[in-house]
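Visitor: The file below is run20.txt, compact mmCIF, C-alpha atoms:
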# COMPACT_ATOMS: atom_id res chain seq x y z
CA MET K 1 183.00 112.68 -185.43
CA THR K 2 184.86 115.06 -187.67
CA LYS K 3 188.56 115.55 -187.39
CA SER K 4 188.19 119.03 -185.86
CA ASN K 5 185.83 117.77 -183.11
CA LYS K 6 188.21 115.12 -181.82
CA ILE K 7 189.38 115.66 -178.27
CA SER K 8 193.12 115.34 -177.94
CA ASN K 9 194.53 113.34 -175.04
CA LYS K 10 198.05 114.33 -176.02
CA LYS K 11 200.04 115.77 -173.19
CA GLU K 12 201.60 118.64 -175.04
CA LEU K 13 202.21 122.30 -174.28
CA SER K 14 201.61 125.24 -176.59
CA PRO K 15 204.76 126.96 -177.88
CA GLU K 16 204.13 129.83 -175.45
CA GLN K 17 203.73 127.48 -172.47
CA ARG K 18 206.87 125.60 -173.51
CA GLU K 19 208.93 128.81 -173.72
CA GLU K 20 207.62 130.08 -170.38
CA LEU K 21 208.39 126.78 -168.65
CA LEU K 22 211.88 126.51 -170.15
CA ARG K 23 212.64 130.09 -169.02
CA ALA K 24 211.52 129.26 -165.45
CA LEU K 25 213.47 125.98 -165.38
CA LYS K 26 216.62 127.64 -166.74
CA ALA K 27 216.44 130.47 -164.18
CA ARG K 28 215.98 127.97 -161.32
CA PHE K 29 218.79 125.77 -162.69
CA GLU K 30 221.22 128.72 -162.83
CA LYS K 31 220.19 130.03 -159.39
CA ASN K 32 220.72 126.64 -157.67
CA MET K 33 223.93 125.21 -159.14
CA ASN K 34 224.64 123.35 -155.87
CA ARG K 35 221.88 120.90 -156.85
CA HIS K 36 223.58 119.86 -160.10
CA GLU K 37 227.28 120.71 -160.06
CA GLY K 38 229.06 119.90 -163.29
CA LEU K 39 225.90 119.85 -165.41
CA GLY K 40 225.13 122.34 -168.17
CA TRP K 41 221.71 123.74 -169.01
CA ALA K 42 222.11 123.33 -172.82
CA LYS K 43 222.17 119.52 -172.58
CA VAL K 44 219.21 119.48 -170.18
CA GLN K 45 217.21 121.75 -172.46
CA ALA K 46 217.99 119.61 -175.51
CA LYS K 47 216.66 116.52 -173.65
CA LEU K 48 213.53 118.40 -172.62
CA GLU K 49 212.81 119.72 -176.10
CA ALA K 50 213.13 116.18 -177.48
CA ASN K 51 210.55 114.84 -175.02
CA THR K 52 207.31 116.83 -175.10
CA GLU K 53 205.40 114.50 -172.74
CA LYS K 54 208.07 114.84 -170.03
CA LEU K 55 208.01 118.59 -170.57
CA TRP K 56 204.24 118.46 -169.99
CA SER K 57 204.85 116.57 -166.72
CA LEU K 58 207.37 119.18 -165.60
CA ASN K 59 204.79 121.85 -166.37
CA GLU K 60 202.32 120.02 -164.12
CA MET K 61 204.94 119.97 -161.36
CA GLU K 62 205.49 123.70 -161.87
CA ARG K 63 201.77 124.53 -162.13
CA THR K 64 201.02 122.84 -158.79
CA GLY K 65 203.84 124.67 -156.98
CA GLY K 66 206.59 122.07 -157.01
CA GLU K 67 209.36 124.23 -158.48
CA PRO K 68 211.08 121.28 -160.22
CA ASP K 69 214.84 121.36 -160.66
CA VAL K 70 217.60 119.01 -161.81
CA VAL K 71 219.15 117.12 -158.89
CA GLY K 72 221.17 114.53 -160.76
CA HIS K 73 222.24 112.84 -163.97
CA ASP K 74 222.08 109.06 -164.39
CA GLN K 75 225.30 108.14 -166.18
CA LYS K 76 223.95 104.72 -167.24
CA THR K 77 220.73 105.90 -168.88
CA GLY K 78 221.74 109.48 -169.70
CA GLU K 79 218.58 110.73 -167.96
CA TYR K 80 218.39 113.92 -165.94
CA VAL K 81 216.59 113.59 -162.62
CA PHE K 82 214.18 116.31 -161.50
CA TYR K 83 212.68 116.66 -158.00
CA ASP K 84 210.14 119.11 -156.65
CA CYS K 85 212.38 121.65 -154.89
CA SER K 86 209.83 124.11 -153.46
CA ALA K 87 210.71 125.20 -149.91
CA GLU K 88 207.44 123.76 -148.59
CA SER K 89 205.33 120.87 -149.88
CA PRO K 90 203.64 121.96 -153.15
CA LYS K 91 200.53 124.05 -152.41
CA GLY K 92 198.59 122.79 -155.42
CA ARG K 93 198.70 119.22 -154.07
CA THR K 94 197.62 119.56 -150.42
CA SER K 95 194.76 117.85 -148.58
CA VAL K 96 195.13 114.53 -150.37
CA CYS K 97 195.24 111.13 -148.75
CA TYR K 98 197.90 108.64 -149.78
CA ASP K 99 196.15 106.37 -152.31
CA ARG K 100 192.82 105.24 -153.76
CA GLU K 101 192.44 102.41 -151.23
CA GLY K 102 192.87 104.94 -148.41
CA LEU K 103 190.35 107.29 -150.01
CA ASP K 104 187.81 104.52 -150.55
CA SER K 105 188.12 103.43 -146.90
CA ARG K 106 186.93 106.84 -145.64
CA LYS K 107 183.27 106.90 -144.63
CA GLU K 108 182.91 110.71 -144.71
CA PHE K 109 184.82 113.94 -145.35
CA LYS K 110 186.64 112.44 -148.30
CA PRO K 111 189.37 114.49 -149.94
CA LYS K 112 189.06 115.24 -153.65
CA ASN K 113 192.11 113.24 -154.66
CA THR K 114 195.05 111.07 -153.61
CA ALA K 115 198.80 111.60 -153.84
CA MET K 116 199.30 108.44 -155.90
CA ASP K 117 196.48 109.28 -158.35
CA MET K 118 197.67 112.87 -158.79
CA ALA K 119 201.26 111.76 -159.38
CA ALA K 120 200.14 109.19 -161.97
CA ALA K 121 198.01 111.79 -163.77
CA MET K 122 201.00 114.16 -163.81
CA GLY K 123 203.32 111.45 -165.14
CA ILE K 124 205.64 111.58 -162.10
CA GLU K 125 206.61 109.34 -159.18
CA LEU K 126 206.38 110.15 -155.48
CA LEU K 127 209.80 110.59 -153.91
CA THR K 128 210.96 107.58 -151.94
CA GLU K 129 212.21 108.02 -148.38
CA GLU K 130 215.78 107.76 -149.71
CA GLU K 131 215.17 110.37 -152.42
CA TYR K 132 213.60 112.67 -149.83
CA GLN K 133 216.75 112.36 -147.71
CA GLU K 134 218.83 113.22 -150.80
CA LEU K 135 216.69 116.30 -151.46
CA GLN K 136 217.30 117.53 -147.91
CA LYS K 137 221.05 117.67 -148.62
CA PHE K 138 220.35 120.64 -150.91
CA GLY K 139 218.60 122.77 -148.28
CA ASN K 140 215.93 122.87 -145.61
CA PHE K 141 212.66 121.66 -147.11
CA ASP K 142 209.28 121.13 -145.41
CA THR K 143 210.05 123.06 -142.21
CA LYS K 144 206.35 123.97 -141.85
CA THR K 145 204.72 121.28 -144.01
CA SER K 146 205.15 117.57 -144.69
CA SER K 147 205.19 115.41 -147.81
CA TRP K 148 203.84 111.93 -148.48
CA VAL K 149 206.60 109.60 -149.71
CA LYS K 150 206.33 106.32 -151.58
CA THR K 151 205.44 103.75 -148.97
CA PRO K 152 206.92 100.23 -149.03
CA SER K 153 204.29 97.58 -149.79
CA ASP K 154 204.74 95.75 -146.45
CA ILE K 155 203.77 98.93 -144.56
CA ARG K 156 200.98 99.74 -147.00
CA LYS K 157 199.47 96.24 -146.62
CA LEU K 158 199.08 96.96 -142.91
CA GLY K 159 197.13 100.17 -143.67
CA GLY K 160 199.95 102.65 -143.11
CA SER K 161 201.66 105.24 -145.25
CA LEU K 162 204.78 107.35 -144.73
CA TYR K 163 205.47 111.05 -144.83
CA CYS K 164 208.61 113.11 -144.19
CA ASP K 165 209.38 116.59 -142.91
CA ARG K 166 212.18 118.63 -141.36
CA ARG K 167 211.90 119.84 -137.79
CA TYR K 168 214.47 120.84 -135.16
CA GLY K 169 217.26 120.76 -137.73
CA ARG K 170 216.74 117.14 -138.81
CA VAL K 171 214.63 115.05 -141.17
CA PHE K 172 211.91 112.85 -139.73
CA VAL K 173 209.90 110.00 -141.21
CA GLY K 174 206.41 109.62 -139.80
CA HIS K 175 203.43 107.43 -140.43
CA ASN K 176 199.67 107.80 -140.74
CA GLY K 177 196.80 105.74 -141.96
CA ALA K 178 196.66 106.02 -145.74
CA GLN K 179 193.17 107.52 -145.46
CA SER K 180 194.34 110.60 -143.51
CA TYR K 181 194.92 113.99 -145.09
CA TYR K 182 196.02 117.43 -143.92
CA SER K 183 196.06 120.96 -145.28
CA ALA K 184 199.82 121.17 -144.63
CA ARG K 185 200.69 117.87 -146.33
CA ALA K 186 201.08 117.30 -150.05
CA PHE K 187 203.65 115.19 -151.91
CA ARG K 188 206.90 115.72 -153.76
CA GLY K 189 207.59 114.04 -157.05
CA SER K 190 210.46 112.99 -159.26
CA LEU K 191 210.78 112.78 -163.02
CA ARG K 192 213.49 111.28 -165.17
CA VAL K 193 214.06 112.87 -168.59
What does this structure look like when you write it as structure tokens?

Guide:
Amino acid sequence: MTKSNKISNKKELSPEQREELLRALKARFEKNMNRHEGLGWAKVQAKLEANTEKLWSLNEMERTGGEPDVVGHDQKTGEYVFYDCSAESPKGRTSVCYDREGLDSRKEFKPKNTAMDMAAAMGIELLTEEEYQELQKFGNFDTKTSSWVKTPSDIRKLGGSLYCDRRYGRVFVGHNGAQSYYSARAFRGSLRV
């Protein structure tokens, strides 16, 4: 195989894609300062530009409708924490069951993918129940949809998986079999940069 025929598995954006994503992230950052009080965009951008693979993951979050934004800064590691902040569960990630085991257990009408597999391919983590509760402090999310959240192993071993949503002015945690999927349920992710 010649050098020019090699397929690249590098997760990298073109300069145009990088500029477009950084513009979108900066605009969202400046529009939603309540999510990251005391943080400045210049430092976030410098971190992003130094980490092209994480920038690619953020682009995947953006491309699938997640509208990622900074929601925190880890003082110990220096990392910025991004969550999907779209008003409703990301549209480009709906109709997925929880994980591969759930998908494989379905006899018919299998979805095309799983939340855990999609998140891994994107280089992100599903929000935990605690992170989902934190997200809800910044606004009203998932008032018409729901989002799979990372399910503790003891629940998963029993065949269940968890999702969260906001109804009637409060946040609820629900459960389903990991094999179930719905057109109004996707997943929200987090990324540390």

Visitor: Counting all atoms listed in the file, which residues sit no farther than 7 Å from the position (200.3, 105.6, -154.2) in the file's frame? I'd like them as a CSV table (one decimal) with C-alpha atoms, keeping the file's coordinate frame.

Guide:
chain,number,residue,atom,x,y,z
K,98,TYR,CA,197.9,108.6,-149.8
K,99,ASP,CA,196.2,106.4,-152.3
K,115,ALA,CA,198.8,111.6,-153.8
K,116,MET,CA,199.3,108.4,-155.9
K,117,ASP,CA,196.5,109.3,-158.4
K,150,LYS,CA,206.3,106.3,-151.6

Visitor: Go through K:Val149, K:Val71, K:Asn176, K:Leu22 one by one, measure the shortest atom-to-atom distance of each to Leu48 (chain K) using only C-alpha atoms, and give the residue with the smallest value.

Guide: K:Leu22

Visitor: Select, from K:Gly160, K:Gly169, K:Gly66, K:Gly174, the residue with the minimum atom-to-atom distance to Ala186 (chain K), counting only C-alpha atoms.

Guide: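 The closest residue to Ala186 (chain K) is K:Gly66.
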
Visitor: For Gly189 (chain K), which residue among K:Gly159, K:Pro90, K:Pro111, K:Gly177 is the nearest when counting only C-alpha atoms?

Guide: K:Pro90

Visitor: For each of K:Arg170, K:Lys11, K:Arg63, K:Arg192, take the minimum atom-to-atom distance to Gly92 (chain K), counting only C-alpha atoms, then give the residue where this is smallest.

Guide: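 Closest to Gly92 (chain K), using only C-alpha atoms: K:Arg63.
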
Visitor: Counting all atoms listed in the file, which residues in region 36-107 of chain K sit no more than 10 Å from region 24-29 of chain K? For each one, give the nearest pair of atoms and the distance in Å, sorted by chain then residue number, as CSV.

Guide:
residue,atom,partner,partner_atom,distance
K:His36,CA,K:Phe29,CA,8.0
K:Leu39,CA,K:Phe29,CA,9.6
K:Gly40,CA,K:Phe29,CA,9.1
K:Trp41,CA,K:Lys26,CA,6.8
K:Ala42,CA,K:Lys26,CA,9.3
K:Val44,CA,K:Lys26,CA,9.2
K:Gln45,CA,K:Lys26,CA,8.2
K:Leu58,CA,K:Leu25,CA,9.1
K:Asn59,CA,K:Leu25,CA,9.7
K:Glu62,CA,K:Ala24,CA,8.9
K:Glu67,CA,K:Arg28,CA,8.1
K:Pro68,CA,K:Leu25,CA,7.4
K:Asp69,CA,K:Phe29,CA,6.3
K:Val70,CA,K:Phe29,CA,6.9
K:Val71,CA,K:Phe29,CA,9.5
K:Cys85,CA,K:Arg28,CA,9.7
